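What's in query.cif: mmCIF, C-alpha atoms
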```
data_structure
#
loop_
_atom_site.label_atom_id
_atom_site.label_comp_id
_atom_site.auth_asym_id
_atom_site.auth_seq_id
_atom_site.Cartn_x
_atom_site.Cartn_y
_atom_site.Cartn_z
CA MET A 1 19.15 0.62 24.91
CA LYS A 2 19.49 -3.02 23.85
CA LEU A 3 15.71 -3.51 23.81
CA ASN A 4 15.23 -0.42 21.63
CA SER A 5 17.95 -1.63 19.27
CA ASN A 6 16.38 -5.08 18.96
CA LYS A 7 12.97 -3.53 18.42
CA LYS A 8 14.33 -1.44 15.54
CA ILE A 9 15.99 -4.53 14.03
CA HIS A 10 12.75 -6.53 14.20
CA LEU A 11 10.83 -3.63 12.65
CA LEU A 12 13.36 -3.29 9.83
CA VAL A 13 13.46 -7.02 9.07
CA ASP A 14 9.67 -7.36 9.21
CA SER A 15 9.27 -4.37 6.87
CA VAL A 16 11.78 -5.79 4.38
CA LYS A 17 10.10 -9.19 4.65
CA MET A 18 6.69 -7.71 3.82
CA ALA A 19 8.17 -5.75 0.90
CA LEU A 20 9.87 -8.92 -0.36
CA ILE A 21 6.63 -10.91 -0.11
CA ILE A 22 4.72 -8.23 -2.03
CA ALA A 23 7.46 -8.14 -4.67
CA ILE A 24 7.34 -11.94 -4.99
CA ALA A 25 3.54 -11.78 -5.32
CA CYS A 26 3.79 -9.18 -8.09
CA GLY A 27 6.50 -11.21 -9.80
CA LEU A 28 4.33 -14.30 -9.57
CA VAL A 29 1.50 -12.42 -11.28
CA SER A 30 3.79 -11.49 -14.16
CA LEU A 31 5.13 -15.05 -14.43
CA ILE A 32 1.66 -16.63 -14.55
CA VAL A 33 0.39 -14.10 -17.08
CA PHE A 34 3.49 -14.65 -19.23
CA ALA A 35 2.92 -18.42 -19.12
CA VAL A 36 -0.81 -18.53 -19.92
CA SER A 37 -1.76 -15.34 -21.74
CA LYS A 38 -1.63 -14.44 -25.42
CA GLU A 39 -2.39 -10.83 -24.49
CA LEU A 40 0.56 -10.23 -22.20
CA GLY A 41 0.68 -6.43 -22.34
CA THR A 42 -3.07 -6.01 -21.94
CA ALA A 43 -3.28 -8.42 -19.03
CA ILE A 44 -0.33 -6.90 -17.13
CA TYR A 45 -1.57 -3.34 -17.68
CA ASN A 46 -5.11 -4.11 -16.55
CA PHE A 47 -3.93 -5.98 -13.48
CA PHE A 48 -1.41 -3.46 -12.15
CA ILE A 49 -2.65 -0.14 -13.58
CA GLY A 50 -6.33 -0.86 -14.21
CA PRO A 51 -7.49 -0.33 -10.59
CA PHE A 52 -6.21 3.27 -10.69
CA THR A 53 -7.58 4.38 -14.06
CA SER A 54 -10.82 5.88 -12.73
CA LEU A 55 -12.37 7.13 -9.50
CA ARG A 56 -14.93 4.34 -9.63
CA ARG A 57 -12.21 1.68 -9.74
CA ILE A 58 -10.28 3.30 -6.90
CA GLY A 59 -13.56 3.28 -5.01
CA ASN A 60 -13.84 -0.44 -5.74
CA ILE A 61 -10.56 -1.01 -3.87
CA VAL A 62 -11.89 0.79 -0.80
CA GLU A 63 -15.22 -1.03 -1.04
CA VAL A 64 -13.55 -4.45 -1.16
CA ALA A 65 -11.14 -3.53 1.65
CA SER A 66 -13.93 -2.52 4.05
CA PRO A 67 -15.28 -6.00 4.98
CA LEU A 68 -11.75 -7.41 5.01
CA MET A 69 -10.79 -4.96 7.76
CA PHE A 70 -13.55 -6.26 10.02
CA THR A 71 -12.74 -9.93 9.51
CA ALA A 72 -8.99 -9.31 9.83
CA LEU A 73 -9.54 -7.58 13.18
CA ALA A 74 -11.59 -10.56 14.34
CA VAL A 75 -8.78 -12.91 13.31
CA ILE A 76 -6.17 -10.76 15.08
CA ILE A 77 -8.10 -10.87 18.36
CA ILE A 78 -8.68 -14.62 18.18
CA PHE A 79 -5.11 -15.47 17.17
CA GLY A 80 -3.80 -12.96 19.70
CA SER A 81 -5.45 -14.95 22.49
CA GLY A 82 -3.72 -18.14 21.35
CA GLN A 83 -6.78 -19.70 19.69
CA PHE A 84 -7.38 -20.87 16.13
CA SER A 85 -11.11 -20.37 15.66
CA MET A 86 -12.24 -19.78 12.07
CA ILE A 87 -15.59 -18.32 13.13
CA ALA A 88 -15.03 -14.92 11.49
CA GLU A 89 -16.61 -16.23 8.27
CA GLY A 90 -19.72 -17.49 10.04
CA SER A 91 -20.06 -14.44 12.28
CA PHE A 92 -19.80 -12.17 9.25
CA PHE A 93 -22.52 -14.07 7.40
CA ILE A 94 -24.93 -14.32 10.32
CA GLY A 95 -24.33 -10.59 10.78
CA THR A 96 -25.60 -9.98 7.26
CA ALA A 97 -28.70 -12.06 8.04
CA GLY A 98 -29.33 -10.10 11.24
CA ALA A 99 -28.98 -6.78 9.46
CA MET A 100 -31.37 -8.02 6.76
CA ILE A 101 -34.04 -8.89 9.34
CA VAL A 102 -33.92 -5.45 10.96
CA ALA A 103 -33.68 -3.67 7.60
CA ILE A 104 -36.84 -5.39 6.34
CA ALA A 105 -39.02 -6.11 9.35
CA CYS A 106 -38.32 -3.23 11.77
CA PRO A 107 -39.43 0.21 10.58
CA LEU A 108 -37.24 2.83 12.26
CA PRO A 109 -36.21 6.43 11.55
CA ALA A 110 -33.30 7.15 9.21
CA GLY A 111 -29.98 7.13 11.06
CA LEU A 112 -31.32 4.96 13.86
CA HIS A 113 -32.37 2.19 11.48
CA PRO A 114 -28.90 1.21 10.12
CA ALA A 115 -27.39 1.65 13.59
CA ALA A 116 -29.92 -0.78 15.06
CA ALA A 117 -29.43 -3.24 12.20
CA ILE A 118 -25.64 -3.20 12.55
CA LEU A 119 -25.88 -3.54 16.33
CA PHE A 120 -28.14 -6.58 15.96
CA ALA A 121 -25.69 -7.98 13.40
CA GLY A 122 -22.90 -7.63 15.97
CA VAL A 123 -24.97 -9.40 18.64
CA LEU A 124 -25.64 -12.35 16.34
CA GLY A 125 -21.98 -12.48 15.34
CA ALA A 126 -20.99 -12.61 19.00
CA LEU A 127 -23.51 -15.37 19.75
CA ALA A 128 -22.18 -17.42 16.84
CA ALA A 129 -18.62 -17.08 18.13
CA LEU A 130 -19.74 -17.97 21.65
CA ILE A 131 -20.72 -21.50 20.59
CA PRO A 132 -17.22 -22.86 19.80
CA ALA A 133 -15.87 -20.87 22.76
CA LEU A 134 -18.24 -22.57 25.19
CA LEU A 135 -17.59 -26.00 23.68
CA LYS A 136 -13.87 -25.38 24.18
CA MET A 137 -14.38 -24.20 27.75
CA LYS A 138 -16.79 -26.94 28.87
CA TRP A 139 -15.56 -30.03 27.02
CA ASN A 140 -12.21 -28.99 25.54
CA VAL A 141 -13.55 -29.44 22.00
CA SER A 142 -11.21 -28.05 19.34
CA GLU A 143 -12.42 -24.56 18.40
CA LEU A 144 -10.83 -25.01 14.97
CA VAL A 145 -13.04 -27.98 14.10
CA THR A 146 -16.26 -26.65 15.64
CA SER A 147 -15.92 -23.20 14.08
CA ILE A 148 -15.33 -24.58 10.58
CA MET A 149 -18.34 -26.88 10.91
CA LEU A 150 -20.46 -24.11 12.39
CA ASN A 151 -19.69 -21.85 9.44
CA TYR A 152 -21.62 -24.23 7.17
CA VAL A 153 -24.53 -24.46 9.62
CA ILE A 154 -24.73 -20.66 9.70
CA GLN A 155 -24.55 -20.41 5.93
CA PHE A 156 -27.48 -22.75 5.37
CA PHE A 157 -29.47 -21.23 8.23
CA ALA A 158 -29.13 -17.73 6.78
CA ILE A 159 -30.14 -18.95 3.31
CA TYR A 160 -33.07 -20.78 4.90
CA LEU A 161 -34.27 -17.51 6.47
CA VAL A 162 -34.09 -15.74 3.13
CA THR A 163 -35.77 -18.57 1.22
CA TYR A 164 -38.75 -19.13 3.51
CA TYR A 165 -39.31 -15.81 5.27
CA PHE A 166 -37.82 -12.87 3.36
CA ARG A 167 -37.64 -13.97 -0.26
CA GLU A 168 -38.70 -11.77 -3.15
CA MET A 169 -41.14 -14.17 -4.78
CA GLU A 170 -41.24 -12.30 -8.09
CA SER A 171 -37.48 -12.66 -8.61
CA SER A 172 -36.07 -15.48 -10.70
CA SER A 173 -33.03 -15.74 -8.42
CA LEU A 174 -32.73 -16.17 -4.67
CA CYS A 175 -32.82 -12.76 -2.99
CA SER A 176 -34.69 -11.04 -0.22
CA VAL A 177 -37.32 -8.35 -0.55
CA GLN A 178 -35.93 -4.85 -0.77
CA PHE A 179 -34.72 -3.13 2.39
CA GLN A 180 -36.50 -0.10 3.70
CA GLU A 181 -34.89 3.07 2.42
CA THR A 182 -34.08 4.26 5.94
CA ALA A 183 -31.92 1.16 6.57
CA THR A 184 -29.15 1.66 4.02
CA LEU A 185 -25.84 3.37 4.81
CA PRO A 186 -25.13 6.63 2.98
CA VAL A 187 -22.50 6.96 0.25
CA ILE A 188 -19.73 9.32 1.40
CA LEU A 189 -17.97 9.90 -1.94
CA GLY A 190 -19.87 10.69 -5.11
CA GLY A 191 -19.05 8.64 -8.19
CA THR A 192 -18.26 5.58 -6.04
CA ARG A 193 -20.08 3.25 -3.67
CA ILE A 194 -17.80 4.08 -0.73
CA HIS A 195 -20.20 4.11 2.21
CA ALA A 196 -20.18 5.04 5.89
CA GLY A 197 -19.23 1.48 6.79
CA VAL A 198 -15.66 2.28 5.67
CA ILE A 199 -15.41 4.92 8.39
CA LEU A 200 -16.75 2.38 10.87
CA ALA A 201 -14.07 -0.12 9.75
CA LEU A 202 -11.28 2.42 10.23
CA ALA A 203 -12.66 3.35 13.65
CA ALA A 204 -12.74 -0.36 14.55
CA CYS A 205 -9.03 -0.67 13.68
CA GLY A 206 -8.19 2.15 16.10
CA ALA A 207 -10.49 0.76 18.79
CA VAL A 208 -9.00 -2.74 18.59
CA TRP A 209 -5.46 -1.33 18.80
CA LEU A 210 -6.41 0.70 21.89
CA CYS A 211 -8.06 -2.37 23.43
CA MET A 212 -5.08 -4.62 22.80
CA TYR A 213 -2.29 -2.23 23.77
CA ARG A 214 -3.81 0.33 26.13
CA THR A 215 -6.15 -1.67 28.38
CA SER A 216 -5.66 -4.26 31.08
CA TYR A 217 -7.78 -6.76 29.16
CA GLY A 218 -5.57 -6.32 26.11
CA THR A 219 -2.50 -7.02 28.23
CA GLN A 220 -4.13 -10.16 29.62
CA LEU A 221 -5.09 -11.25 26.10
CA ARG A 222 -1.55 -10.87 24.77
CA ILE A 223 -0.03 -12.64 27.78
CA THR A 224 -2.49 -15.49 27.36
CA GLY A 225 -1.74 -15.69 23.66
CA ASP A 226 2.03 -15.79 24.25
CA ASN A 227 1.89 -18.47 26.96
CA ALA A 228 -1.44 -19.65 28.35
CA LEU A 229 0.22 -21.80 31.02
CA PHE A 230 2.26 -18.86 32.32
CA ALA A 231 -0.86 -16.69 32.29
CA LYS A 232 -2.76 -19.31 34.29
CA TYR A 233 -0.09 -19.60 36.97
CA SER A 234 0.14 -15.80 37.08
CA GLY A 235 -3.44 -15.73 38.31
CA LEU A 236 -5.17 -14.68 35.09
CA ASN A 237 -8.57 -16.08 34.19
CA VAL A 238 -7.33 -17.70 31.00
CA THR A 239 -10.67 -19.28 30.11
CA GLY A 240 -12.51 -16.00 30.55
CA VAL A 241 -9.97 -14.14 28.42
CA MET A 242 -10.25 -16.69 25.61
CA VAL A 243 -14.05 -16.75 25.63
CA ALA A 244 -14.22 -12.96 25.69
CA ALA A 245 -11.75 -12.79 22.78
CA GLN A 246 -13.94 -15.01 20.60
CA VAL A 247 -17.11 -13.11 21.53
CA ILE A 248 -15.52 -9.72 20.79
CA ALA A 249 -14.09 -11.02 17.53
CA GLY A 250 -17.47 -12.45 16.53
CA ALA A 251 -19.16 -9.14 17.29
CA ILE A 252 -16.68 -7.24 15.12
CA ALA A 253 -17.11 -9.68 12.23
CA GLY A 254 -20.90 -9.50 12.60
CA ILE A 255 -20.81 -5.71 12.55
CA GLY A 256 -18.70 -5.95 9.40
CA GLY A 257 -21.34 -8.17 7.79
CA GLY A 258 -24.11 -5.74 8.66
CA ALA A 259 -22.15 -2.73 7.40
CA GLU A 260 -21.25 -4.50 4.15
CA LEU A 261 -24.85 -5.52 3.45
CA LEU A 262 -26.42 -2.14 4.22
CA GLY A 263 -23.66 -0.19 2.50
CA MET A 264 -23.38 -2.13 -0.75
CA TYR A 265 -26.80 -3.70 -1.33
CA ASN A 266 -30.50 -2.89 -1.09
CA ARG A 267 -31.46 -6.55 -0.61
CA PHE A 268 -29.83 -9.82 0.52
CA LYS A 269 -28.45 -11.57 -2.59
CA TRP A 270 -25.83 -14.05 -1.38
CA THR A 271 -26.36 -17.77 -1.91
CA ALA A 272 -23.14 -18.74 -0.09
CA THR A 273 -20.69 -17.15 2.31
CA PRO A 274 -18.58 -14.55 0.45
CA GLY A 275 -15.23 -15.76 1.82
CA TYR A 276 -14.30 -12.53 3.61
CA GLY A 277 -13.51 -14.45 6.79
CA TRP A 278 -10.93 -16.63 5.04
CA THR A 279 -9.38 -13.68 3.20
CA GLY A 280 -9.29 -11.84 6.52
CA ILE A 281 -6.69 -14.37 7.68
CA VAL A 282 -4.40 -13.31 4.82
CA VAL A 283 -4.95 -9.65 5.70
CA ALA A 284 -4.20 -10.27 9.39
CA LEU A 285 -0.99 -12.13 8.55
CA LEU A 286 0.08 -9.45 6.09
CA ALA A 287 -0.55 -6.79 8.75
CA ARG A 288 1.61 -8.76 11.19
CA ASN A 289 -1.36 -8.90 13.59
CA ASN A 290 -1.15 -5.12 14.06
CA PRO A 291 -4.62 -3.49 13.92
CA LEU A 292 -3.16 -0.20 12.70
CA LEU A 293 -1.66 -1.91 9.65
CA VAL A 294 -4.89 -3.68 8.76
CA PRO A 295 -6.22 -0.89 6.47
CA LEU A 296 -3.03 -1.00 4.36
CA ALA A 297 -3.01 -4.80 4.17
CA ALA A 298 -6.72 -4.90 3.31
CA ALA A 299 -6.23 -2.26 0.62
CA PHE A 300 -3.43 -4.29 -0.95
CA ILE A 301 -5.48 -7.50 -1.04
CA ALA A 302 -8.43 -5.50 -2.39
CA TYR A 303 -6.15 -4.03 -5.06
CA LEU A 304 -5.17 -7.54 -6.15
CA ASN A 305 -8.81 -8.61 -6.36
CA VAL A 306 -9.95 -5.52 -8.27
CA GLY A 307 -6.99 -5.82 -10.65
CA ALA A 308 -7.79 -9.50 -11.22
CA ASP A 309 -11.43 -8.70 -12.00
CA ILE A 310 -10.44 -6.02 -14.51
CA MET A 311 -7.86 -8.33 -16.09
CA ALA A 312 -10.38 -11.18 -16.36
CA ARG A 313 -12.87 -8.92 -18.16
CA SER A 314 -10.26 -7.42 -20.49
CA SER A 315 -7.95 -10.32 -21.35
CA ASP A 316 -7.71 -14.11 -21.49
CA VAL A 317 -6.45 -14.59 -17.89
CA GLY A 318 -8.94 -15.72 -15.22
CA ARG A 319 -9.23 -14.04 -11.82
CA GLU A 320 -8.57 -17.33 -9.99
CA MET A 321 -4.93 -16.34 -10.16
CA VAL A 322 -5.47 -14.16 -7.08
CA ASP A 323 -6.27 -17.23 -4.98
CA ILE A 324 -2.93 -18.71 -5.99
CA ILE A 325 -1.13 -15.50 -5.06
CA GLN A 326 -2.85 -15.28 -1.68
CA GLY A 327 -1.91 -18.88 -0.92
CA VAL A 328 1.73 -18.25 -1.76
CA MET A 329 1.71 -15.08 0.36
CA MET A 330 0.37 -17.03 3.35
CA PHE A 331 3.18 -19.57 3.01
CA LEU A 332 5.80 -16.82 2.80
CA ILE A 333 4.39 -14.84 5.72
CA ALA A 334 4.25 -17.97 7.87
CA ALA A 335 7.83 -18.90 6.92
CA GLU A 336 9.75 -17.88 10.04
CA ALA A 337 13.05 -18.84 8.41
CA LEU A 338 12.65 -16.15 5.72
CA LEU A 339 15.33 -13.49 6.46
CA GLN A 340 15.85 -15.06 9.90
CA GLY A 341 19.60 -15.36 9.32
CA TRP A 342 19.86 -11.66 8.48
CA ARG A 343 17.82 -10.80 11.58
CA GLN A 344 20.08 -12.89 13.80
CA ARG A 345 23.28 -11.41 12.35
CA MET A 346 22.00 -7.87 12.94
CA ILE A 347 21.09 -8.68 16.55
CA VAL A 348 24.52 -10.21 17.21
CA LYS A 349 26.27 -7.28 15.54
CA ALA A 350 24.25 -4.78 17.62
CA ALA A 351 25.07 -6.70 20.82
CA LYS A 352 28.81 -6.70 20.04
CA ALA A 353 28.72 -2.98 19.24
CA GLU A 354 27.01 -2.30 22.56
CA GLU A 355 29.59 -4.36 24.46
CA GLU A 356 32.45 -2.49 22.77
CA ALA A 357 30.82 0.84 23.61
CA GLN A 358 30.52 -0.13 27.29
CA ALA A 359 34.08 -1.45 27.46
#
```
Would you mind writing the file out in structure tokens?
Amino acid sequence: MKLNSNKKIHLLVDSVKMALIIAIACGLVSLIVFAVSKELGTAIYNFFIGPFTSLRRIGNIVEVASPLMFTALAVIIIFGSGQFSMIAEGSFFIGTAGAMIVAIACPLPAGLHPAAAILFAGVLGALAALIPALLKMKWNVSELVTSIMLNYVIQFFAIYLVTYYFREMESSSLCSVQFQETATLPVILGGTRIHAGVILALAACGAVWLCMYRTSYGTQLRITGDNALFAKYSGLNVTGVMVAAQVIAGAIAGIGGGAELLGMYNRFKWTATPGYGWTGIVVALLARNNPLLVPLAAAFIAYLNVGADIMARSSDVGREMVDIIQGVMMFLIAAEALLQGWRQRMIVKAAKAEEEAQA
């Protein structure tokens, strides 16, 4: 009974904390706009209401949320195992490069072609994540440092592939030749660019939740993440769990890169990593590392980005404001002291009530 009561208290406090953080973020938007804009009403309206004024703009929210779900799931798995690898960004980008290679150079039937491209993207994403994992396992090299450095290596390697092997020579900008028509993912809602990759992202959220909370490996991962030393002395293969976590996370991020490229583009156009891996950290924190809450958290961050884009096009406020908001949200989410006193008082009150009931 006491455990159930404490669980309800934690759920209530965490929910109020998330609502408070979102309210602070929205208030911060209004404060910044009030301070810098001469078109206050227009800017506020376009930021908060603009994303819902047409089906196409609502579709934009879903489209932006899709890659964030993949990278957030990768972050949840890595952080859940007690590691701090930032490889989701690199795995996502090498996944786009892998999908590009298959989409251009491997003629396959429709249906099989995007599946093969996305699968290859996942394999490359896993291989990228394996590098910092092996360095950590063999020589105890910090996965945080190696993954951040590796992200830049992957970025330049992918751009090198496009520049020297797959570039559209007639284009004035850096982009690949056009993908084969059989390689692209189908649009699932007319009037938008919402593609089949969104369904894959939602399925991945469910699969990761099942893996983490309904399998023996998931139990080992969470035990290792909570206390690696305890897990080791309990007989768990801590090193194997950690390496597997990074590989699985890299595969998911790579699949997300492949799905994003084949769903939203007909050629590779990026000249730098898109930042989905970094934003995925914000989404994972906002979702409280719960895979089932990732779609809602990703949709909220996507809503902020779409609103900022509309506001930047329609008023005198730049979209960089969203980066400020995301940074503040990360600080607030990481602040364990926020509402901690209220949480503790509720736990003590529930314990006293239980003692009185048993007396």
>> Counting all atoms listed in the file, which residue out of A:Phe93, A:Phe230, A:Phe157, A:Phe79 sits closest to Arg288 in chain A?
In response: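 Smallest separation from Arg288 in chain A among the options: A:Phe79.
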>> Counting only C-alpha atoms, I want the residues whose atoms come within 9 Å of (-5.9, -12.6, 7.7) in the file frame, returned as a PyMOL selection string.
In response: chain A and resi 68+71-76+277-287+289+298+330
>> Counting only C-alpha atoms, which residue out of A:Glu260, A:Gly82, A:Cys175, A:Thr184 sits closest to Leu108 in chain A?
In response: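 Residue with the minimum atom-to-atom distance to Leu108 in chain A: A:Thr184.
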> Out of A:Val238, A:Leu55, A:Met346, A:Leu189, which residue has the shortest atom-to-atom distance to Gln220 in chain A when counting only C-alpha atoms?
Replying inline: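 So, comparing all the options, the nearest one is A:Val238.
You will find CA of Ala183 in chain A at 16.1 Å from CA of Lys269 in chain A.
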> Restricting the calculation to all atoms listed in the file, which member of A:Thr182, A:Gln326, A:Thr219, A:Thr96 is positioned closest to Ala272 in chain A?
Replying inline: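 Smallest distance to Ala272 in chain A is found for A:Thr96.
Going from CA of Gly225 in chain A over to CA of Ile77 in chain A, you cover 9.6 Å.
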>> I need the output of the PyMOL selection byres ((chain A and resi 173) around 12) for this file as a ChimeraX atom specification; which residues are they?
In response: /A:162-163,167-172,174-177,268-271
> the PyMOL selection byres ((chain A and resi 127) around 12) on the file shown: which residues, as JSON, numbers by chain?
Replying inline: {"A": [87, 88, 90, 91, 92, 94, 95, 98, 120, 121, 122, 123, 124, 125, 126, 128, 129, 130, 131, 132, 133, 134, 150, 154, 243, 244, 246, 247, 248, 249, 250, 251, 252, 253, 254]}
>> Given all atoms listed in the file as the basis, pick out the residue of A:Ser30, A:Gln155, A:Gln178, A:Ser85 nearest to Phe48 in chain A.
In response: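 Going through A:Ser30, A:Gln155, A:Gln178, A:Ser85 one by one, the smallest distance to Phe48 in chain A is for A:Ser30.
Put simply, CA of Thr273 in chain A is 11.0 Å away from CA of Val153 in chain A.
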> Pick the closest to Ala116 in chain A from A:Gly191, A:Arg57, A:Ser216, A:Ile255: which is it, counting all atoms listed in the file?
Replying inline: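 Once distances to Ala116 in chain A are computed over all atoms listed in the file, the minimum belongs to A:Ile255.
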>> Can you translate the PyMOL selection byres ((chain A and resi 307) around 8) into the concrete residues it hits in this file, as a list in words?
In response: Asn46, Phe47, Phe48, Ile49, Gly50, Pro51, Tyr303, Leu304, Asn305, Val306, Ala308, Asp309, Ile310 and Met311 of chain A
> Contacts of Gly190 in chain A at 10 Å or less, counting only C-alpha atoms, minus same-chain residues fewer than 4 places along, as a ChimeraX atom specification?
Replying inline: /A:55-56,59,194-195
If I only have part of range 245-269 of chain A, can you fill in N, CA and C atoms and write it as a JSON list (two decimals), in the frame of the given file?
```
[["chain", "number", "residue", "atom", "x", "y", "z"],
["A", 245, "ALA", "N", -12.41, -13.10, 24.06],
["A", 245, "ALA", "CA", -11.75, -12.79, 22.78],
["A", 245, "ALA", "C", -12.60, -13.26, 21.61],
["A", 246, "GLN", "N", -13.12, -14.48, 21.70],
["A", 246, "GLN", "CA", -13.94, -15.01, 20.60],
["A", 246, "GLN", "C", -15.24, -14.22, 20.47],
["A", 247, "VAL", "N", -15.85, -13.85, 21.58],
["A", 247, "VAL", "CA", -17.11, -13.11, 21.53],
["A", 247, "VAL", "C", -16.89, -11.72, 20.91],
["A", 248, "ILE", "N", -15.82, -11.04, 21.35],
["A", 248, "ILE", "CA", -15.52, -9.72, 20.79],
["A", 248, "ILE", "C", -15.21, -9.82, 19.30],
["A", 249, "ALA", "N", -14.42, -10.83, 18.95],
["A", 249, "ALA", "CA", -14.09, -11.02, 17.53],
["A", 249, "ALA", "C", -15.34, -11.31, 16.71],
["A", 250, "GLY", "N", -16.23, -12.15, 17.23],
["A", 250, "GLY", "CA", -17.47, -12.45, 16.53],
["A", 250, "GLY", "C", -18.33, -11.22, 16.35],
["A", 251, "ALA", "N", -18.38, -10.37, 17.38],
["A", 251, "ALA", "CA", -19.16, -9.14, 17.29],
["A", 251, "ALA", "C", -18.61, -8.22, 16.20],
["A", 252, "ILE", "N", -17.29, -8.10, 16.13],
["A", 252, "ILE", "CA", -16.68, -7.24, 15.12],
["A", 252, "ILE", "C", -16.96, -7.77, 13.72],
["A", 253, "ALA", "N", -16.82, -9.09, 13.53],
["A", 253, "ALA", "CA", -17.11, -9.68, 12.23],
["A", 253, "ALA", "C", -18.58, -9.51, 11.87],
["A", 254, "GLY", "N", -19.48, -9.69, 12.85],
["A", 254, "GLY", "CA", -20.90, -9.50, 12.60],
["A", 254, "GLY", "C", -21.23, -8.08, 12.21],
["A", 255, "ILE", "N", -20.62, -7.12, 12.90],
["A", 255, "ILE", "CA", -20.81, -5.71, 12.55],
["A", 255, "ILE", "C", -20.33, -5.46, 11.12],
["A", 256, "GLY", "N", -19.21, -6.08, 10.76],
["A", 256, "GLY", "CA", -18.70, -5.95, 9.40],
["A", 256, "GLY", "C", -19.69, -6.48, 8.37],
["A", 257, "GLY", "N", -20.33, -7.61, 8.70],
["A", 257, "GLY", "CA", -21.34, -8.17, 7.79],
["A", 257, "GLY", "C", -22.53, -7.24, 7.62],
["A", 258, "GLY", "N", -22.99, -6.67, 8.74],
["A", 258, "GLY", "CA", -24.11, -5.74, 8.66],
["A", 258, "GLY", "C", -23.76, -4.49, 7.87],
["A", 259, "ALA", "N", -22.57, -3.95, 8.11],
["A", 259, "ALA", "CA", -22.15, -2.73, 7.40],
["A", 259, "ALA", "C", -21.98, -3.00, 5.91],
["A", 260, "GLU", "N", -21.44, -4.16, 5.56],
["A", 260, "GLU", "CA", -21.25, -4.50, 4.15],
["A", 260, "GLU", "C", -22.61, -4.64, 3.45],
["A", 261, "LEU", "N", -23.55, -5.31, 4.08],
["A", 261, "LEU", "CA", -24.85, -5.52, 3.45],
["A", 261, "LEU", "C", -25.60, -4.21, 3.25],
["A", 262, "LEU", "N", -25.64, -3.38, 4.29],
["A", 262, "LEU", "CA", -26.42, -2.14, 4.22],
["A", 262, "LEU", "C", -25.71, -1.05, 3.42],
["A", 263, "GLY", "N", -24.40, -1.19, 3.26],
["A", 263, "GLY", "CA", -23.66, -0.19, 2.50],
["A", 263, "GLY", "C", -23.60, -0.47, 1.02],
["A", 264, "MET", "N", -23.60, -1.76, 0.65],
["A", 264, "MET", "CA", -23.38, -2.13, -0.75],
["A", 264, "MET", "C", -24.62, -2.66, -1.46],
["A", 265, "TYR", "N", -25.64, -3.05, -0.72],
["A", 265, "TYR", "CA", -26.80, -3.70, -1.33],
["A", 265, "TYR", "C", -28.10, -3.09, -0.81],
["A", 266, "ASN", "N", -29.17, -3.28, -1.55],
["A", 266, "ASN", "CA", -30.50, -2.89, -1.09],
["A", 266, "ASN", "C", -31.37, -4.11, -0.83],
["A", 267, "ARG", "N", -30.78, -5.30, -0.95],
["A", 267, "ARG", "CA", -31.46, -6.55, -0.61],
["A", 267, "ARG", "C", -30.40, -7.63, -0.41],
["A", 268, "PHE", "N", -30.76, -8.71, 0.29],
["A", 268, "PHE", "CA", -29.83, -9.82, 0.52],
["A", 268, "PHE", "C", -29.78, -10.68, -0.73],
["A", 269, "LYS", "N", -28.57, -10.86, -1.31],
["A", 269, "LYS", "CA", -28.45, -11.57, -2.59],
["A", 269, "LYS", "C", -27.51, -12.77, -2.54]]
```
